[in-house]
$ cat coords.txt   # compact mmCIF, C-alpha atoms
# COMPACT_ATOMS: atom_id res chain seq x y z
CA MET U 1 4.29 -40.41 -12.34
CA ARG U 2 5.36 -43.30 -10.18
CA PHE U 3 8.25 -41.44 -8.48
CA LEU U 4 5.91 -38.90 -6.83
CA ASN U 5 5.32 -41.36 -4.01
CA ALA U 6 8.94 -40.95 -2.96
CA LYS U 7 9.65 -38.35 -0.30
CA LYS U 8 12.11 -36.31 -2.36
CA LEU U 9 12.36 -36.10 -6.10
CA GLN U 10 15.58 -35.49 -7.95
CA ASP U 11 15.94 -32.06 -9.49
CA SER U 12 16.26 -33.61 -12.94
CA GLN U 13 12.92 -35.41 -12.45
CA LEU U 14 11.26 -32.18 -11.36
CA LEU U 15 12.63 -30.31 -14.37
CA GLU U 16 11.42 -32.98 -16.77
CA GLY U 17 7.99 -32.91 -15.16
CA LEU U 18 7.90 -29.12 -15.42
CA LYS U 19 8.76 -29.22 -19.11
CA LYS U 20 5.91 -31.66 -19.67
CA GLU U 21 3.59 -29.53 -17.49
CA ASP U 22 2.78 -32.55 -15.35
CA PRO U 23 0.07 -31.55 -12.84
CA ALA U 24 1.60 -33.88 -10.26
CA ILE U 25 4.86 -31.91 -10.43
CA PHE U 26 3.01 -28.64 -9.91
CA SER U 27 1.31 -30.18 -6.88
CA TYR U 28 4.69 -31.37 -5.63
CA PHE U 29 6.10 -27.84 -5.96
CA TYR U 30 3.14 -26.40 -4.08
CA LYS U 31 3.35 -29.00 -1.34
CA ASN U 32 7.11 -28.75 -0.86
CA TYR U 33 7.99 -25.12 -1.66
CA TYR U 34 4.95 -22.96 -0.98
CA ARG U 35 5.58 -22.52 2.76
CA MET U 36 9.15 -21.49 2.05
CA ILE U 37 7.98 -18.78 -0.38
CA GLU U 38 5.14 -17.65 1.89
CA LYS U 39 7.58 -17.25 4.79
CA LEU U 40 9.91 -15.22 2.56
CA ILE U 41 7.15 -12.88 1.38
CA THR U 42 5.48 -12.38 4.76
CA SER U 43 8.85 -11.77 6.45
CA LYS U 44 9.50 -8.97 3.95
CA GLY U 45 6.19 -7.17 4.51
CA GLY U 46 3.96 -9.07 2.11
CA LEU U 47 0.59 -10.66 2.62
CA PRO U 48 -0.34 -14.31 2.07
CA ALA U 49 -2.13 -13.21 -1.12
CA ASP U 50 1.15 -11.69 -2.31
CA ALA U 51 2.88 -14.99 -1.57
CA GLU U 52 0.39 -16.84 -3.77
CA ASP U 53 1.00 -14.44 -6.65
CA VAL U 54 4.77 -14.56 -6.27
CA PHE U 55 4.74 -18.36 -6.01
CA GLN U 56 2.74 -18.68 -9.23
CA ASP U 57 4.89 -16.12 -11.06
CA ALA U 58 8.08 -17.83 -9.90
CA LEU U 59 6.76 -21.19 -11.08
CA ILE U 60 5.95 -19.73 -14.50
CA ILE U 61 9.40 -18.16 -14.73
CA LEU U 62 11.04 -21.45 -13.72
CA LEU U 63 8.95 -23.28 -16.34
CA ALA U 64 10.08 -20.81 -19.02
CA LYS U 65 13.73 -21.12 -17.95
CA SER U 66 13.57 -24.92 -17.96
CA ARG U 67 12.39 -24.86 -21.56
CA GLN U 68 15.33 -22.80 -22.78
CA PRO U 69 17.64 -25.00 -24.85
CA ASN U 70 20.81 -23.77 -23.12
CA PHE U 71 19.40 -24.03 -19.57
CA LYS U 72 21.63 -25.93 -17.19
CA LEU U 73 20.92 -26.27 -13.50
CA THR U 74 24.04 -25.24 -11.56
CA ALA U 75 22.50 -25.19 -8.06
CA LYS U 76 19.71 -27.00 -6.26
CA LEU U 77 16.34 -26.46 -7.88
CA SER U 78 14.90 -25.23 -4.59
CA THR U 79 17.66 -22.60 -4.40
CA LEU U 80 16.92 -21.41 -7.93
CA PHE U 81 13.18 -21.31 -7.24
CA TYR U 82 13.74 -19.35 -4.01
CA ALA U 83 16.00 -16.87 -5.83
CA ILE U 84 13.42 -16.36 -8.58
CA ALA U 85 10.69 -15.73 -5.99
CA ARG U 86 12.92 -13.37 -3.98
CA ASN U 87 13.83 -11.38 -7.10
CA LYS U 88 10.18 -11.25 -8.16
CA TRP U 89 9.15 -9.95 -4.72
CA THR U 90 11.96 -7.38 -4.70
CA ASN U 91 10.78 -6.17 -8.10
CA ILE U 92 7.17 -5.91 -6.89
CA GLN U 93 8.23 -3.97 -3.80
CA TYR U 94 10.33 -1.61 -5.91
CA HIS U 95 7.38 -0.81 -8.17
CA ARG U 96 5.03 -0.39 -5.22
CA LYS U 97 7.40 2.09 -3.59
CA LYS U 98 7.93 3.87 -6.87
CA PHE U 99 4.22 4.41 -7.45
CA THR U 100 3.06 4.91 -3.88
CA GLY U 101 4.04 7.46 -1.30
CA LEU U 102 5.12 6.81 2.25
CA ASN U 103 1.51 6.77 3.43
CA GLY U 104 0.51 4.20 0.81
CA GLN U 105 -1.34 6.65 -1.44
CA GLU U 106 -0.40 7.13 -5.04
CA GLU U 107 2.17 9.81 -5.64
CA GLY U 108 1.49 12.76 -7.80
CA ILE U 109 -1.27 15.19 -7.19
CA ALA U 110 -2.24 15.33 -3.55
CA GLU U 111 -5.66 13.90 -2.79
CA SER U 112 -7.60 16.43 -0.80
CA PRO U 113 -11.27 17.00 -0.24
CA LEU U 114 -10.60 20.73 -0.62
CA ILE U 115 -9.42 20.36 -4.22
CA ASP U 116 -11.82 19.13 -6.85
CA GLU U 117 -10.94 17.45 -10.11
CA ASP U 118 -11.18 20.66 -12.17
CA GLU U 119 -8.75 22.47 -9.85
CA ARG U 120 -6.30 19.57 -10.03
CA LEU U 121 -6.48 19.52 -13.81
CA GLU U 122 -5.96 23.27 -13.93
CA SER U 123 -2.92 23.05 -11.65
CA VAL U 124 -1.41 20.33 -13.88
CA LYS U 125 -1.95 22.47 -16.99
CA LYS U 126 -0.30 25.48 -15.33
CA ALA U 127 2.63 23.38 -14.17
CA ILE U 128 3.15 21.94 -17.67
CA LEU U 129 3.24 25.46 -19.10
CA GLN U 130 5.92 26.40 -16.56
CA LEU U 131 8.16 23.47 -17.55
CA GLY U 132 11.00 23.97 -19.98
CA ASN U 133 10.40 23.32 -23.67
CA GLY U 134 12.12 19.91 -23.59
CA CYS U 135 9.91 18.55 -20.80
CA LYS U 136 6.81 20.23 -22.17
CA ASN U 137 7.35 18.71 -25.63
CA LEU U 138 8.17 15.26 -24.26
CA ILE U 139 5.10 15.14 -22.01
CA THR U 140 2.88 16.45 -24.81
CA GLN U 141 4.19 13.93 -27.34
CA TYR U 142 4.01 11.00 -24.95
CA PHE U 143 0.70 11.62 -23.16
CA TYR U 144 -1.36 13.75 -25.53
CA GLN U 145 -0.13 12.58 -28.93
CA GLN U 146 0.42 9.06 -27.49
CA LEU U 147 3.71 8.51 -29.28
CA SER U 148 6.07 5.79 -28.08
CA TYR U 149 9.56 6.59 -26.84
CA ALA U 150 10.93 5.12 -30.07
CA GLU U 151 8.74 7.41 -32.20
CA ILE U 152 9.64 10.46 -30.11
CA GLY U 153 13.31 9.48 -30.38
CA LEU U 154 13.10 9.45 -34.17
CA LEU U 155 11.53 12.90 -34.17
CA ASN U 156 14.07 14.39 -31.77
CA ASP U 157 17.22 12.39 -32.51
CA ASN U 158 17.31 10.78 -29.06
CA SER U 159 17.43 7.20 -27.86
CA PRO U 160 14.35 5.70 -26.18
CA ASN U 161 16.36 5.01 -23.02
CA TYR U 162 17.45 8.64 -22.79
CA LEU U 163 13.83 9.71 -23.22
CA LYS U 164 12.66 7.40 -20.42
CA VAL U 165 15.18 8.93 -18.03
CA LYS U 166 14.24 12.43 -19.17
CA MET U 167 10.53 11.63 -18.76
CA HIS U 168 11.16 10.42 -15.22
CA ARG U 169 12.96 13.68 -14.39
CA CYS U 170 10.26 15.78 -16.05
CA MET U 171 7.46 13.97 -14.24
CA THR U 172 9.25 14.35 -10.90
CA LYS U 173 9.58 18.06 -11.55
CA LEU U 174 5.93 18.26 -12.65
CA ARG U 175 4.70 16.41 -9.55
CA THR U 176 6.69 18.74 -7.32
CA MET U 177 5.30 21.82 -9.07
CA VAL U 178 1.72 20.52 -8.85
CA PHE U 179 2.17 19.56 -5.21
CA LEU U 180 3.50 23.02 -4.35
CA THR U 181 0.66 24.66 -6.28
CA THR U 182 -1.99 22.62 -4.50
CA GLU U 183 -0.35 23.22 -1.11
CA ASN U 184 -0.32 26.99 -1.72
CA ASN U 185 -3.98 26.95 -2.78
CA GLN U 186 -5.01 25.15 0.42
CA VAL U 187 -3.40 27.73 2.72

$ encode --input "coords.txt" --output "C-alpha cells"
Amino acid sequence: MRFLNAKKLQDSQLLEGLKKEDPAIFSYFYKNYYRMIEKLITSKGGLPADAEDVFQDALIILLAKSRQPNFKLTAKLSTLFYAIARNKWTNIQYHRKKFTGLNGQEEGIAESPLIDEDERLESVKKAILQLGNGCKNLITQYFYQQLSYAEIGLLNDNSPNYLKVKMHRCMTKLRTMVFLTTENNQV
C-alpha cells in the first residue's frame, strides 16, 4: 500500500488493511505497537515471550472485531488495541493464579518425594469417598463417566452454570482433604 510510507496511518486505513489481511499492515502494527504491549506485559510481571503471545492474540482479536458488521471505532485504534492486550494479559494472569499455587507449582495434590503416585491416588480415592453424595456424584459423572455439564444437568435437573460453581466448590474441598491427608501421612 502506498500510504505505508507515511509516518502515521489513519485508523480507518489500518482497519481496512486489517480486514484485507494486508501483511504491510501487520508489519506496521508490529513496528508501531509492539513495544507498547511489551512494556505493558513486562511491567505486570510477564516475560518478553508472554508479550509476543499477547501481542499476537490481541491482533487476532482486533482482526475479528474489525470484521464484525456492526463494529464502529469509538476511540483511537491504539487505545482499543492496548485495552484488548491488557484484558488478554489480565485473563492469562487470572488463569495462571487459579491453576498455580503461591510457589508457582500446580495446586492440588502436594508434590513430595515422600509420596509416590500410588499413595497420591489412594488419598484421592479416600477423599472422594468422604465427600457428600452431591460432590461425589458430580465428580464421578464429570471425570469418570466424562459427561459434560449440560448432560449432567439434564440428569440432575440443574443448569450447567450451577454445576460449574458446584464443581469448583467440590474440587476445592477435595484438594483440601487430599492435602490434609498427605500432610498427616508425612508426619

$ closest_residue --input "coords.txt" --among "U:Asp11, U:Lys166, U:Gly134, U:Arg175" --to "Ala75 in chain U" --atoms "all atoms listed in the file"
U:Asp11

$ atom_distance --input "coords.txt" --atom1 "CA of Ile152 in chain U" --atom2 "CA of Lys173 in chain U"
20.1 Å

$ residues_around --input "coords.txt" --residues "Ile139 in chain U" --least-positions-apart "4" --cutoff "9 Å" --atoms "all atoms listed in the file" --output "list in words"
Ile128, Gly134, Cys135, Phe143, Tyr144, Met167, Cys170 and Met171 of chain U

$ closest_residue --input "coords.txt" --among "U:Met177, U:Leu63, U:Ala51, U:Leu155" --to "Lys39 in chain U" --atoms "all atoms listed in the file"
U:Ala51

$ closest_residue --input "coords.txt" --among "U:Leu73, U:Ile41, U:Ala85, U:Met36" --to "Gln56 in chain U" --atoms "only C-alpha atoms"
U:Ala85

$ closest_residue --input "coords.txt" --among "U:Leu129, U:Ala64, U:Ala49, U:Ala58" --to "Lys20 in chain U" --atoms "all atoms listed in the file"
U:Ala64

$ atom_distance --input "coords.txt" --atom1 "CA of Leu80 in chain U" --atom2 "CA of Phe29 in chain U"
12.7 Å
